[in-house]
Amino acid sequence: MSDFETVASTENQDARRGVSGDPRTPGRIGQSNKPRSLAGDAWRDLRRKPIFWISLLLVLLITAMAVAPGLFTRNDPADCVLARQHAAPSGGALFGYDFQGCDTYARAVYGARASLLVGALSALLTGVVALVVGMLAGYFGGWVDAVLSRIVDIVLGIPLLLAAIVLLKRVASDSATVRLASVIFVLAVLGWTTTARVVRSSVITARQQDYVAAARMLGAGNGRIMWRHILPNALAPAIVVLTIALGSFIAAEATLSFLGIGLKEPTISWGIDINNGRVHMRESATPLVVPSTFLALTVLAFIMLGDAIRDAFDPKLR
C-alpha cells in the first residue's frame with residue numbers, strides 16, 4: 001500500500017469515528033453533524049434571554065392565580081362589610097379594604113380569572129378564524145385571496161375599542177355569563193385581522209417550497225397539503241402574534257369593564273375594581289393601585305413573552 005493510500009485510509013477511519021483529520025482542528029468524538037431545526041435554534045436562543053424567563057415566570061404565576069386563587073389568599077372577595085371601609089391591612093388583607101369593605105388583595109387575585117379567561121378564549125377564537133382565512137387566501141391566491149384580503153382590510157380599518165363599545169351597547173342582558181361571552185365574541189370578531197395577515201404570508205412562502213411541489217406530484221390533494229405541510233409552518237408565527245394579542249385582549253377587556261360596558265358585577269374584574277377605585281381615590285388610593293398593578297404586569301408579561309418568542313423565531317434578528 002502506498003503512502004497516499006495509507007493516509008487516505010487513516011482519514012476515512014477517523015471520519016467514521018468522528019475525529020477530524022486536520023491536526024489544526026480538535027477532534028470531537030461522538031459529535032453529531034445533524035442540523036438543528038428552527039424550533040431547536042429558537043429554544044437555544046430563548047434559554048439565553050433573561051427577559052424570556054422573567055416573562056414566562058410572570059405568565060405562569062398569573063395563570064396559577066387564575067386557576068387556583070385559593071393558593072394566594074384565603075379571604076373571600078365577596079365578603080364585604082361596610083364597617084371595614086378603607087380599613088388598614090389586617091386578617092390576611094395585605095392591602096387593606098376598599099370602599100365596600102372588601103379585601104382589596106383578594107379581589108385582585110380573583111380578578112385574574114375573568115381577565116385571563118377573556119384573553120385566552122378571545123385569542124383562541126381569533127387564532128381559528130385567522131388560520132382559516134389566512135390559509136385559504138395564501139394557498140389558493142387569485143380571486144379568493146383578493147376577496148379575503150379586502151375583508152381583512154375592512155375589518156382592520158375599524159377601531160377595536162370603538163366598535164366594541166358600539167356592539168356591546170346592544171347587549172341588554174345583565175347575566176354574567178352572557179356578558180362574558182359577548183366580550184369574548186366581540187374581541188375575537190374584531191381582533192383576528194393581524195394574525196390572518198401573518199398566516200397568509202407564511203402560507204405563501206411555504207406554498208413555494210419543494211416539498212409542497214413533491215407532495216402535489218405524488219397525488220396529494222389540497223386538503224392534505226394544507227393540513228400536513230402548510231399548517232405546521234403557519235402555526236409558529238401565528239402563536240407568536242397571538243401571544244402578544246392575548247395581552248392586548250386582557251387590556252381591552254379591562255378598558256371595556258372600566259367604562260361599564262364590558263363585564264359587570266357580580267363578576268370580579270380588574271377593570272371594574274379600577275373604576276370603583278377611581279371614584280373613591282380621595283379616600284384611599286390602594287384599591288386603585290393594586291388592580292392596576294396586577295393588570296399592568298399581566299399585559300406586560302404576555303407582550304414581553306411574545307416579543308422574545310418572535311425574536312427567537314426570526315432568523316434576521318439573530
# chains A, B, ... in the order shown; residues from 1 in each chain; ligands from 1

call {"tool": "residues_around", "arguments": {"residues": "Leu187 in chain A", "least_positions_apart": "3", "cutoff": "10 Å", "atoms": "only C-alpha atoms", "output": "number ranges by chain"}}
result
A: 118-119, 121-123, 125-126, 160-161, 163-164, 182-184, 190-192, 248-250, 252-253

call {"tool": "write_last_selection", "arguments": {"atoms": "all heavy atoms", "output": "short mmCIF file (atom, residue, chain, number, x, y, z; two decimals), in the first residue's frame"}}
result
data_model
loop_
_atom_site.label_atom_id
_atom_site.label_comp_id
_atom_site.auth_asym_id
_atom_site.auth_seq_id
_atom_site.Cartn_x
_atom_site.Cartn_y
_atom_site.Cartn_z
N VAL A 118 -61.05 35.77 29.46
CA VAL A 118 -61.41 36.57 28.28
C VAL A 118 -60.25 36.62 27.29
O VAL A 118 -60.43 36.43 26.08
CB VAL A 118 -61.82 38.00 28.71
CG1 VAL A 118 -61.95 38.91 27.49
CG2 VAL A 118 -63.12 37.96 29.46
N GLY A 119 -59.05 36.87 27.79
CA GLY A 119 -57.89 36.95 26.89
C GLY A 119 -57.60 35.64 26.19
O GLY A 119 -57.35 35.62 24.98
N LEU A 121 -59.62 32.89 25.66
CA LEU A 121 -60.66 32.45 24.73
C LEU A 121 -60.75 33.37 23.52
O LEU A 121 -60.99 32.90 22.40
CB LEU A 121 -62.01 32.39 25.45
CG LEU A 121 -62.15 31.31 26.52
CD1 LEU A 121 -63.55 31.32 27.13
CD2 LEU A 121 -61.84 29.93 25.95
N SER A 122 -60.54 34.66 23.71
CA SER A 122 -60.53 35.57 22.57
C SER A 122 -59.37 35.25 21.64
O SER A 122 -59.52 35.24 20.41
CB SER A 122 -60.42 37.02 23.06
OG SER A 122 -61.53 37.38 23.85
N ALA A 123 -58.19 34.97 22.21
CA ALA A 123 -57.03 34.61 21.39
C ALA A 123 -57.27 33.28 20.67
O ALA A 123 -56.86 33.11 19.51
CB ALA A 123 -55.78 34.54 22.25
N LEU A 125 -60.25 31.91 19.70
CA LEU A 125 -61.17 32.14 18.59
C LEU A 125 -60.52 32.95 17.48
O LEU A 125 -60.74 32.68 16.29
CB LEU A 125 -62.42 32.85 19.10
CG LEU A 125 -63.35 32.04 20.02
CD1 LEU A 125 -64.53 32.90 20.47
CD2 LEU A 125 -63.85 30.79 19.32
N THR A 126 -59.73 33.93 17.86
CA THR A 126 -59.01 34.72 16.87
C THR A 126 -58.07 33.84 16.04
O THR A 126 -57.99 33.98 14.82
CB THR A 126 -58.20 35.83 17.57
OG1 THR A 126 -59.10 36.73 18.20
CG2 THR A 126 -57.34 36.59 16.59
N LEU A 160 -60.84 48.98 17.23
CA LEU A 160 -61.33 47.85 18.03
C LEU A 160 -62.18 48.32 19.21
O LEU A 160 -63.30 47.85 19.40
CB LEU A 160 -60.13 47.03 18.53
CG LEU A 160 -60.46 45.71 19.22
CD1 LEU A 160 -59.38 44.67 18.92
CD2 LEU A 160 -60.54 45.88 20.74
N LEU A 161 -61.66 49.25 20.00
CA LEU A 161 -62.40 49.67 21.19
C LEU A 161 -63.69 50.40 20.83
O LEU A 161 -64.73 50.18 21.46
CB LEU A 161 -61.52 50.57 22.06
CG LEU A 161 -60.44 49.86 22.89
CD1 LEU A 161 -59.61 50.87 23.65
CD2 LEU A 161 -61.07 48.86 23.84
N ALA A 163 -65.54 50.06 18.09
CA ALA A 163 -66.51 49.09 17.59
C ALA A 163 -67.02 48.20 18.72
O ALA A 163 -68.21 47.84 18.76
CB ALA A 163 -65.89 48.24 16.49
N ALA A 164 -66.14 47.84 19.66
CA ALA A 164 -66.56 47.01 20.78
C ALA A 164 -67.57 47.74 21.65
O ALA A 164 -68.55 47.15 22.13
CB ALA A 164 -65.35 46.59 21.61
N SER A 182 -70.23 37.70 25.41
CA SER A 182 -70.33 38.82 24.47
C SER A 182 -68.98 39.51 24.30
O SER A 182 -68.58 39.84 23.18
CB SER A 182 -71.39 39.81 24.95
OG SER A 182 -72.65 39.21 25.06
N VAL A 183 -68.29 39.74 25.40
CA VAL A 183 -66.98 40.40 25.33
C VAL A 183 -66.00 39.53 24.54
O VAL A 183 -65.24 40.03 23.68
CB VAL A 183 -66.45 40.70 26.74
CG1 VAL A 183 -65.01 41.21 26.68
CG2 VAL A 183 -67.32 41.72 27.44
N ILE A 184 -65.98 38.23 24.81
CA ILE A 184 -65.08 37.32 24.10
C ILE A 184 -65.39 37.32 22.61
O ILE A 184 -64.49 37.41 21.76
CB ILE A 184 -65.19 35.90 24.68
CG1 ILE A 184 -64.67 35.87 26.11
CG2 ILE A 184 -64.44 34.90 23.82
CD1 ILE A 184 -64.92 34.56 26.84
N LEU A 190 -63.30 41.24 16.08
CA LEU A 190 -62.59 42.44 15.67
C LEU A 190 -61.07 42.32 15.70
O LEU A 190 -60.38 43.19 15.16
CB LEU A 190 -63.01 43.62 16.57
CG LEU A 190 -64.49 44.01 16.55
CD1 LEU A 190 -64.77 45.06 17.61
CD2 LEU A 190 -64.89 44.52 15.17
N GLY A 191 -60.53 41.26 16.30
CA GLY A 191 -59.09 41.20 16.51
C GLY A 191 -58.32 40.15 15.75
O GLY A 191 -57.16 39.90 16.07
N TRP A 192 -58.92 39.53 14.72
CA TRP A 192 -58.26 38.42 14.02
C TRP A 192 -57.46 38.85 12.80
O TRP A 192 -56.71 38.05 12.21
CB TRP A 192 -59.31 37.41 13.56
CG TRP A 192 -60.37 38.00 12.67
CD1 TRP A 192 -61.53 38.58 13.07
CD2 TRP A 192 -60.35 38.08 11.24
NE1 TRP A 192 -62.24 39.01 11.97
CE2 TRP A 192 -61.54 38.72 10.85
CE3 TRP A 192 -59.44 37.67 10.27
CZ2 TRP A 192 -61.84 38.98 9.51
CZ3 TRP A 192 -59.73 37.91 8.94
CH2 TRP A 192 -60.92 38.56 8.57
N SER A 248 -53.08 42.14 24.73
CA SER A 248 -53.91 43.26 24.26
C SER A 248 -55.39 43.01 24.56
O SER A 248 -56.12 43.95 24.90
CB SER A 248 -53.70 43.46 22.76
OG SER A 248 -52.34 43.72 22.47
N PHE A 249 -55.83 41.76 24.45
CA PHE A 249 -57.22 41.43 24.75
C PHE A 249 -57.53 41.63 26.24
O PHE A 249 -58.62 42.09 26.60
CB PHE A 249 -57.53 40.00 24.34
CG PHE A 249 -57.61 39.80 22.85
CD1 PHE A 249 -57.17 38.62 22.27
CD2 PHE A 249 -58.11 40.78 22.02
CE1 PHE A 249 -57.22 38.44 20.90
CE2 PHE A 249 -58.18 40.61 20.66
CZ PHE A 249 -57.73 39.44 20.10
N ILE A 250 -56.59 41.28 27.10
CA ILE A 250 -56.77 41.49 28.53
C ILE A 250 -56.90 42.98 28.83
O ILE A 250 -57.77 43.41 29.61
CB ILE A 250 -55.61 40.86 29.32
CG1 ILE A 250 -55.65 39.33 29.20
CG2 ILE A 250 -55.66 41.28 30.79
CD1 ILE A 250 -54.48 38.64 29.86
N ALA A 252 -57.91 45.25 26.69
CA ALA A 252 -59.17 45.72 26.11
C ALA A 252 -60.35 45.37 27.00
O ALA A 252 -61.27 46.18 27.19
CB ALA A 252 -59.35 45.11 24.72
N GLU A 253 -60.34 44.16 27.58
CA GLU A 253 -61.44 43.78 28.48
C GLU A 253 -61.47 44.67 29.69
O GLU A 253 -62.55 45.10 30.15
CB GLU A 253 -61.25 42.32 28.90
CG GLU A 253 -62.28 41.82 29.90
CD GLU A 253 -61.91 42.13 31.35
OE1 GLU A 253 -60.72 42.01 31.69
OE2 GLU A 253 -62.83 42.50 32.12
#

call {"tool": "residues_around", "arguments": {"residues": "Leu82 in chain A", "least_positions_apart": "4", "cutoff": "10 Å", "atoms": "only C-alpha atoms", "output": "count of residues only"}}
result
8

call {"tool": "closest_residue", "arguments": {"among": "A:Ala251, A:Arg47, A:Pro89, A:His229", "to": "Ala296 in chain A", "atoms": "only C-alpha atoms"}}
result
A:Ala251

call {"tool": "select_by_dssp", "arguments": {"residues": "range 236-316 of chain A", "states": "helix (DSSP H, G or I)", "output": "JSON, numbers by chain"}}
result
{"A": [236, 237, 238, 239, 240, 241, 242, 243, 244, 245, 246, 247, 248, 249, 250, 251, 252, 253, 254, 255, 256, 257, 258, 270, 271, 272, 273, 274, 275, 276, 277, 278, 279, 286, 287, 288, 289, 290, 291, 292, 293, 294, 295, 296, 297, 298, 299, 300, 301, 302, 303, 304, 305, 306, 307, 308, 309, 310, 311, 312, 313, 315, 316]}

call {"tool": "residues_around", "arguments": {"residues": "Ala114 in chain A", "least_positions_apart": "4", "cutoff": "10 Å", "atoms": "only C-alpha atoms", "output": "list in words"}}
result
Ala66, Tyr110, Val118, Gly119, Ala120, Leu180, Ile250, Glu253, Ala254, Leu263, Thr267, Ile268, Ser269 and Trp270 of chain A

call {"tool": "residues_around", "arguments": {"residues": "range 300-310 of chain A", "least_positions_apart": "4", "cutoff": "8 Å", "atoms": "only C-alpha atoms", "output": "list in words"}}
result
Ala42, Leu46, Lys49, Ile51, Phe52, Ile54, Ser55, Leu56, Leu58, Val59, Pro237, Val240, Val241, Leu242, Thr243, Ile244, Ala245, Leu246, Gly247, Ala296 and Asp314 of chain A

call {"tool": "closest_residue", "arguments": {"among": "A:Asp103, A:Asp145, A:Asp76, A:Asp273", "to": "Ile204 in chain A", "atoms": "only C-alpha atoms"}}
result
A:Asp145
